[in-house]
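Text of target28.cif (mmCIF, C-alpha atoms and all ligand atoms) as supplied:
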```cif
data_data
#
loop_
_atom_site.label_atom_id
_atom_site.label_comp_id
_atom_site.auth_asym_id
_atom_site.auth_seq_id
_atom_site.Cartn_x
_atom_site.Cartn_y
_atom_site.Cartn_z
CA MET Y 1 47.29 183.71 32.18
CA LEU Y 2 44.88 181.91 29.85
CA LYS Y 3 47.76 180.25 28.05
CA GLY Y 4 49.17 179.11 31.41
CA LYS Y 5 45.82 177.61 32.47
CA LYS Y 6 45.54 175.74 29.14
CA TRP Y 7 49.03 174.40 29.65
CA ILE Y 8 48.13 173.19 33.14
CA ALA Y 9 44.93 171.56 31.78
CA PHE Y 10 46.99 169.87 29.04
CA LEU Y 11 49.56 168.65 31.55
CA THR Y 12 46.82 167.34 33.86
CA MET Y 13 45.19 165.48 30.94
CA PHE Y 14 48.58 164.06 29.91
CA LEU Y 15 49.31 162.82 33.43
CA PHE Y 16 45.80 161.31 33.63
CA VAL Y 17 46.25 159.37 30.36
CA ALA Y 18 49.76 158.28 31.39
CA ALA Y 19 48.41 157.03 34.73
CA LEU Y 20 45.62 155.09 32.96
CA THR Y 21 48.11 153.47 30.58
CA PHE Y 22 50.39 152.51 33.46
CA LEU Y 23 47.53 151.05 35.48
CA SER Y 24 46.22 148.98 32.57
CA ARG Y 25 49.74 147.64 32.00
CA GLU Y 26 49.99 146.69 35.67
CA ASN Y 27 46.65 144.99 35.37
CA GLY Y 28 47.87 143.03 32.33
CA SER Y 29 50.98 142.02 34.18
CA ALA Y 30 48.89 140.87 37.16
CA LYS Y 31 46.79 138.78 34.76
CA ARG Y 32 49.89 137.17 33.27
CA GLN Y 33 51.11 136.41 36.76
CA GLU Y 34 47.79 134.75 37.48
CA VAL Y 35 47.93 132.68 34.26
CA TRP Y 36 51.52 131.69 35.04
CA SER Y 37 50.72 130.58 38.57
CA ASN Y 38 47.73 128.58 37.31
CA THR Y 39 50.00 126.93 34.77
CA MET Y 40 52.45 126.13 37.55
CA VAL Y 41 49.65 124.54 39.61
CA ASP Y 42 48.49 122.55 36.55
CA SER Y 43 51.97 121.34 35.76
CA GLY Y 44 52.28 120.41 39.44
CA TYR Y 45 49.43 117.93 38.92
CA GLU Y 46 51.07 116.61 35.77
CA ASP Y 47 54.26 115.97 37.75
CA GLU Y 48 52.42 113.86 40.37
CA ALA Y 49 53.78 110.29 40.66
CA PRO Y 50 51.85 107.72 38.60
CA TYR Y 51 49.70 105.19 40.48
CA LYS Y 52 51.89 102.34 41.72
CA GLY Y 53 49.26 100.07 43.31
CA LYS Y 54 47.95 99.06 46.69
CA ILE Y 55 49.91 98.26 49.84
CA ALA Y 56 48.79 97.41 53.37
CA LEU Y 57 50.25 98.41 56.72
CA THR Y 58 49.43 95.91 59.47
CA PHE Y 59 50.01 96.30 63.20
CA ASP Y 60 50.18 93.32 65.56
CA ASP Y 61 49.96 92.83 69.35
CA GLY Y 62 47.94 95.98 70.16
CA PRO Y 63 46.20 98.00 71.05
CA SER Y 64 48.66 99.88 73.20
CA PRO Y 65 47.23 102.62 75.47
CA VAL Y 66 49.62 105.40 74.36
CA CYS Y 67 51.02 104.46 70.95
CA THR Y 68 47.85 103.25 69.23
CA PRO Y 69 45.89 106.51 69.77
CA GLN Y 70 48.92 108.48 68.49
CA LEU Y 71 49.05 106.28 65.41
CA LEU Y 72 45.29 106.66 64.88
CA ASP Y 73 45.63 110.47 65.05
CA GLY Y 74 48.38 110.43 62.40
CA LEU Y 75 46.48 108.06 60.12
CA LYS Y 76 43.32 110.14 60.41
CA LYS Y 77 45.20 113.27 59.34
CA ARG Y 78 46.44 111.43 56.25
CA ASP Y 79 43.12 109.66 55.57
CA VAL Y 80 44.88 106.28 55.54
CA LYS Y 81 43.29 102.96 56.59
CA VAL Y 82 45.34 100.08 58.03
CA THR Y 83 44.77 96.69 59.65
CA PHE Y 84 45.20 95.95 63.37
CA PHE Y 85 45.66 92.35 64.51
CA VAL Y 86 44.77 92.58 68.18
CA THR Y 87 45.01 90.08 71.01
CA GLY Y 88 41.80 89.31 72.88
CA GLN Y 89 43.40 90.25 76.19
CA ASN Y 90 44.36 93.70 74.89
CA VAL Y 91 40.87 94.25 73.49
CA GLU Y 92 39.59 93.44 76.98
CA SER Y 93 41.98 96.01 78.52
CA TYR Y 94 41.47 98.79 75.92
CA PRO Y 95 38.07 98.33 74.27
CA ASP Y 96 37.63 102.05 73.51
CA ILE Y 97 40.78 102.15 71.38
CA VAL Y 98 39.69 99.13 69.35
CA LYS Y 99 36.22 100.63 68.90
CA ARG Y 100 37.76 103.92 67.76
CA ALA Y 101 40.04 102.17 65.24
CA SER Y 102 37.10 100.22 63.83
CA ASP Y 103 34.83 103.28 63.71
CA GLU Y 104 37.53 105.20 61.84
CA GLY Y 105 37.56 102.60 59.05
CA HIS Y 106 40.51 100.41 60.03
CA LEU Y 107 40.16 96.64 59.78
CA ILE Y 108 40.37 94.70 63.05
CA GLY Y 109 41.77 91.17 62.83
CA ASN Y 110 42.43 88.34 65.30
CA HIS Y 111 45.89 87.72 66.83
CA THR Y 112 44.69 85.05 69.35
CA PHE Y 113 43.61 85.83 72.92
CA HIS Y 114 46.92 85.27 74.72
CA HIS Y 115 49.39 85.57 71.82
CA VAL Y 116 49.99 81.82 71.64
CA GLN Y 117 51.92 79.83 69.08
CA LEU Y 118 48.95 77.97 67.63
CA THR Y 119 50.82 74.98 66.23
CA ALA Y 120 52.13 74.26 69.73
CA ALA Y 121 48.61 74.34 71.21
CA ASN Y 122 46.23 71.39 71.41
CA THR Y 123 43.04 71.38 69.32
CA GLU Y 124 40.82 72.78 72.05
CA GLU Y 125 43.21 75.58 72.94
CA PHE Y 126 43.74 76.38 69.25
CA LYS Y 127 40.00 76.90 68.75
CA THR Y 128 39.34 78.68 72.05
CA GLU Y 129 42.13 81.18 71.44
CA ILE Y 130 40.58 82.13 68.11
CA VAL Y 131 36.87 81.95 68.91
CA SER Y 132 37.12 83.93 72.17
CA THR Y 133 39.07 86.68 70.37
CA ASN Y 134 36.51 86.82 67.56
CA GLU Y 135 33.77 87.15 70.16
CA ILE Y 136 35.35 90.05 72.02
CA ILE Y 137 36.17 91.86 68.75
CA GLN Y 138 32.54 91.56 67.67
CA GLU Y 139 31.28 92.64 71.08
CA VAL Y 140 33.44 95.78 71.06
CA THR Y 141 33.26 96.81 67.38
CA GLY Y 142 29.90 95.35 66.36
CA LYS Y 143 31.66 93.70 63.41
CA GLU Y 144 32.66 90.11 62.70
CA THR Y 145 36.19 89.39 61.63
CA SER Y 146 37.43 86.47 59.56
CA PHE Y 147 41.08 87.51 59.33
CA ILE Y 148 43.75 86.11 61.60
CA ARG Y 149 47.43 86.91 61.87
CA PRO Y 150 48.74 83.80 63.61
CA PRO Y 151 51.46 84.75 66.13
CA TYR Y 152 54.93 83.84 64.78
CA GLY Y 153 53.22 83.03 61.45
CA SER Y 154 52.46 79.55 62.77
CA TRP Y 155 49.15 78.28 61.38
CA ASP Y 156 47.44 74.94 60.81
CA LYS Y 157 45.34 74.92 57.63
CA LYS Y 158 43.12 72.09 58.81
CA TYR Y 159 41.05 74.46 61.03
CA GLU Y 160 40.67 77.12 58.38
CA LYS Y 161 37.26 76.03 57.03
CA GLU Y 162 35.78 74.99 60.36
CA LEU Y 163 36.66 78.30 62.00
CA ASN Y 164 36.04 80.31 58.82
CA MET Y 165 39.30 82.19 59.33
CA PHE Y 166 41.64 83.49 56.68
CA PRO Y 167 45.32 83.67 57.71
CA VAL Y 168 47.14 86.87 56.77
CA LEU Y 169 50.92 86.63 56.61
CA TRP Y 170 53.29 89.36 55.35
CA ASP Y 171 56.12 89.98 52.88
CA VAL Y 172 57.80 93.01 54.48
CA ASP Y 173 59.13 92.73 58.04
CA PRO Y 174 61.31 95.64 59.23
CA LEU Y 175 61.76 94.01 62.69
CA ASP Y 176 60.49 97.22 64.30
CA TRP Y 177 60.15 95.47 67.67
CA CYS Y 178 63.92 95.06 68.04
CA SER Y 179 65.09 98.54 66.98
CA THR Y 180 64.19 102.07 68.03
CA ASN Y 181 66.06 103.50 65.04
CA VAL Y 182 63.29 105.17 63.02
CA ASP Y 183 65.47 105.73 59.90
CA LYS Y 184 66.49 102.09 59.83
CA ILE Y 185 62.85 100.92 60.04
CA VAL Y 186 61.78 103.35 57.31
CA ARG Y 187 64.69 102.38 55.01
CA ASN Y 188 63.96 98.69 55.50
CA VAL Y 189 60.31 99.09 54.52
CA LEU Y 190 61.06 101.36 51.56
CA SER Y 191 63.61 98.94 50.11
CA HIS Y 192 61.30 95.90 50.28
CA THR Y 193 57.85 97.30 49.51
CA LYS Y 194 56.25 96.73 46.11
CA GLU Y 195 52.69 96.56 44.75
CA ASN Y 196 50.41 94.44 47.01
CA SER Y 197 52.98 94.28 49.82
CA ILE Y 198 51.72 93.52 53.32
CA ILE Y 199 53.96 95.25 55.86
CA LEU Y 200 54.27 93.86 59.40
CA MET Y 201 54.70 96.35 62.26
CA HIS Y 202 53.79 96.59 65.98
CA ASP Y 203 51.86 99.55 67.41
CA SER Y 204 53.48 99.27 70.84
CA TYR Y 205 56.51 101.49 70.18
CA ASP Y 206 56.94 105.26 69.70
CA SER Y 207 59.56 104.56 67.05
CA THR Y 208 57.11 102.42 65.11
CA VAL Y 209 54.45 105.15 65.13
CA THR Y 210 56.95 107.75 63.86
CA ALA Y 211 58.33 105.36 61.23
CA ALA Y 212 54.88 104.23 60.05
CA LEU Y 213 53.71 107.82 59.46
CA GLN Y 214 56.93 108.66 57.57
CA ILE Y 215 56.44 105.53 55.46
CA VAL Y 216 52.89 106.64 54.65
CA ASP Y 217 54.05 110.12 53.59
CA ILE Y 218 56.88 108.83 51.41
CA LEU Y 219 55.03 105.96 49.72
CA GLN Y 220 51.87 108.01 49.13
CA ALA Y 221 54.02 110.64 47.39
CA GLU Y 222 55.54 107.83 45.29
CA GLY Y 223 52.05 106.86 44.08
CA TYR Y 224 51.08 103.98 46.41
CA GLU Y 225 47.60 103.64 47.89
CA PHE Y 226 47.28 102.36 51.48
CA VAL Y 227 44.40 99.90 51.97
CA THR Y 228 43.21 97.35 54.52
CA VAL Y 229 44.40 93.76 53.86
CA ASP Y 230 41.04 92.52 52.56
CA GLU Y 231 41.43 94.85 49.57
CA ILE Y 232 44.71 93.17 48.64
CA LEU Y 233 43.71 89.57 49.38
CA PHE Y 234 40.30 89.60 47.69
CA ASP Y 235 40.78 91.90 44.74
ZN ZN Y 301 52.42 89.06 67.68
#
```
Please express what this file holds, its structure, as structure tokens.
Amino acid sequence: MLKGKKWIAFLTMFLFVAALTFLSRENGSAKRQEVWSNTMVDSGYEDEAPYKGKIALTFDDGPSPVCTPQLLDGLKKRDVKVTFFVTGQNVESYPDIVKRASDEGHLIGNHTFHHVQLTAANTEEFKTEIVSTNEIIQEVTGKETSFIRPPYGSWDKKYEKELNMFPVLWDVDPLDWCSTNVDKIVRNVLSHTKENSIILMHDSYDSTVTAALQIVDILQAEGYEFVTVDEILFD
């Protein structure tokens, strides 16, 4: 009987030691797993695209009551700042949207009050269109603007100093206002954008909002930084 009890005690001890050994091995394996996954995370950072430079998304003709808030939501999620060239009459209609865009860090620029072709206007109209838009932007946002996107890119340099306005043109134009094909708009922008590009879009279309957010996701992953136009023009 005694011999049997000793044998049972020995077997119990053996099983105990075996269990301890097994557990410590499991623990070691868990540690290796942890080290491996940390290495994977680290190498993930190393694989990140190198910095490719600044680019600016600009949106003309807004704000639009439905599309602009959707765009603002998407930009906020991605922590991306853009530039809106608004018409005075749309600021008058949708002041809260312009205030929101400005408060969220986007740059608000002038696109004339009634979307006029400035070079076809007489001197008085030219100035009134710009000054009245500046005034309503300042009234709504509390900030002065000195950036203008002249409609149709038509600008007369002789008023630049007097009005203290800086014209902002563009180098990438995907013609988003004449196509609802999101892929086509995205492809167009991707194939023309380079460092310091200024991209022209219009925040009045669902397709533009979808395309713009896809463009942000793709170009950010490629290493581009989205900034407001002042950071490109005065850097
Ligand atoms: Zn326009």
Exercise. Please provide the set of residues having any atom within 10 Å of Y:Asp61, restricted to only C-alpha atoms, with same-chain residues fewer than 2 positions apart removed, written as a PyMOL selection string.
Key: chain Y and resi 59+63-64+84-90+110-112+114-115+149+151+201-204
Quiz item: For Y:Gly105, which of Y:Asn196, Y:Thr228, Y:Pro150, Y:Val216 is the closest residue, counting all atoms listed in the file?
Solution: Y:Thr228
Quiz item: Between Y:Ser102, Y:Ser132, Y:Gln138, Y:Thr208, which has the minimum distance to Y:Ser179 (counting only C-alpha atoms)?
Solution: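 Counting only C-alpha atoms, the residue closest to Y:Ser179 is Y:Thr208.
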Write out as JSON lines a residue-level contact list of stretch 54-111 of chain Y versus stretch 209-214 of chain Y with cut-off 7 Å: for each qualifying residue the closest pair of atoms and the distance in Å to one decimal, counting all atoms listed in the file, rows sorted by chain and residue number upward.
```
{"residue": "Y:Cys67", "atom": "CA", "partner": "Y:Val209", "partner_atom": "CA", "distance": 6.8}
{"residue": "Y:Leu71", "atom": "CA", "partner": "Y:Val209", "partner_atom": "CA", "distance": 5.5}
{"residue": "Y:Gly74", "atom": "CA", "partner": "Y:Leu213", "partner_atom": "CA", "distance": 6.6}
```
What does the file look like for those residues with C-alpha atoms, as a PDB file, keeping the file's coordinate frame?
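Contents of the output file again-v1.pdb:
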```pdb
ATOM      1  CA  CYS Y  67      51.020 104.460  70.950  1.00  0.00           C
ATOM      2  CA  LEU Y  71      49.050 106.280  65.410  1.00  0.00           C
ATOM      3  CA  GLY Y  74      48.380 110.430  62.400  1.00  0.00           C
TER       4      GLY Y  74
END
```
Practice problem: Find the spatial neighbours of Y:Ser146, counting only C-alpha atoms, within a cut-off of 9 Å - ignore same-chain residues fewer than 4 positions away - and output them as a list in words. | Solution: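 Neighbouring residues, sequence-local ones excluded: Gly109, Asn110, Asn134, Leu163, Asn164, Met165, Phe166 and Pro167 of chain Y.
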Quiz item: Between atom CA of Y:Glu139 and atom CA of Y:Glu162, what is the distance, to one decimal in Å?
Solution: 21.1 Å
Quiz item: From the list Y:Leu219, Y:Val116, Y:Val172, Y:Val140, which residue is nearest ligand ZN 301 (chain Y) when using only C-alpha atoms and all ligand atoms?
Solution: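 Closest to ligand ZN 301 (chain Y) of all the choices is Y:Val116.
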Exercise. Name the residues in contact with Y:Asp156 at a cut-off of 9 Å, using all atoms listed in the file, excluding same-chain residues fewer than 3 positions from it; report them as a list of chain:residue names.
Key: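 So, after excluding close chain neighbours, the residues are Y:Leu118, Y:Thr119, Y:Tyr159, Y:Glu160.
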As AutoDock Vina command-line options, please report the centre and edge lengths, rounded to one decimal in Å, of the axis-aligned box that holds all listed atoms of stretch 140-153 of chain Y with 4 Å of padding on each of the six sides.
```
--center_x 42.4 --center_y 89.9 --center_z 65.2 --size_x 33.0 --size_y 21.8 --size_z 19.7
```
Practice problem: Around the point (58.3, 102.5, 56.9), in the coordinates given by the file, pick out the residues reaching within 12 Å, counting only C-alpha atoms, and return them as a ChimeraX atom specification. | Solution: /Y:55-58,172-176,181-193,198-202,207-220
Exercise. Could you please determine the separation between atom CA of Y:Val227 and atom CA of Y:Val80 in Å, to one decimal place?
Key: 7.3 Å
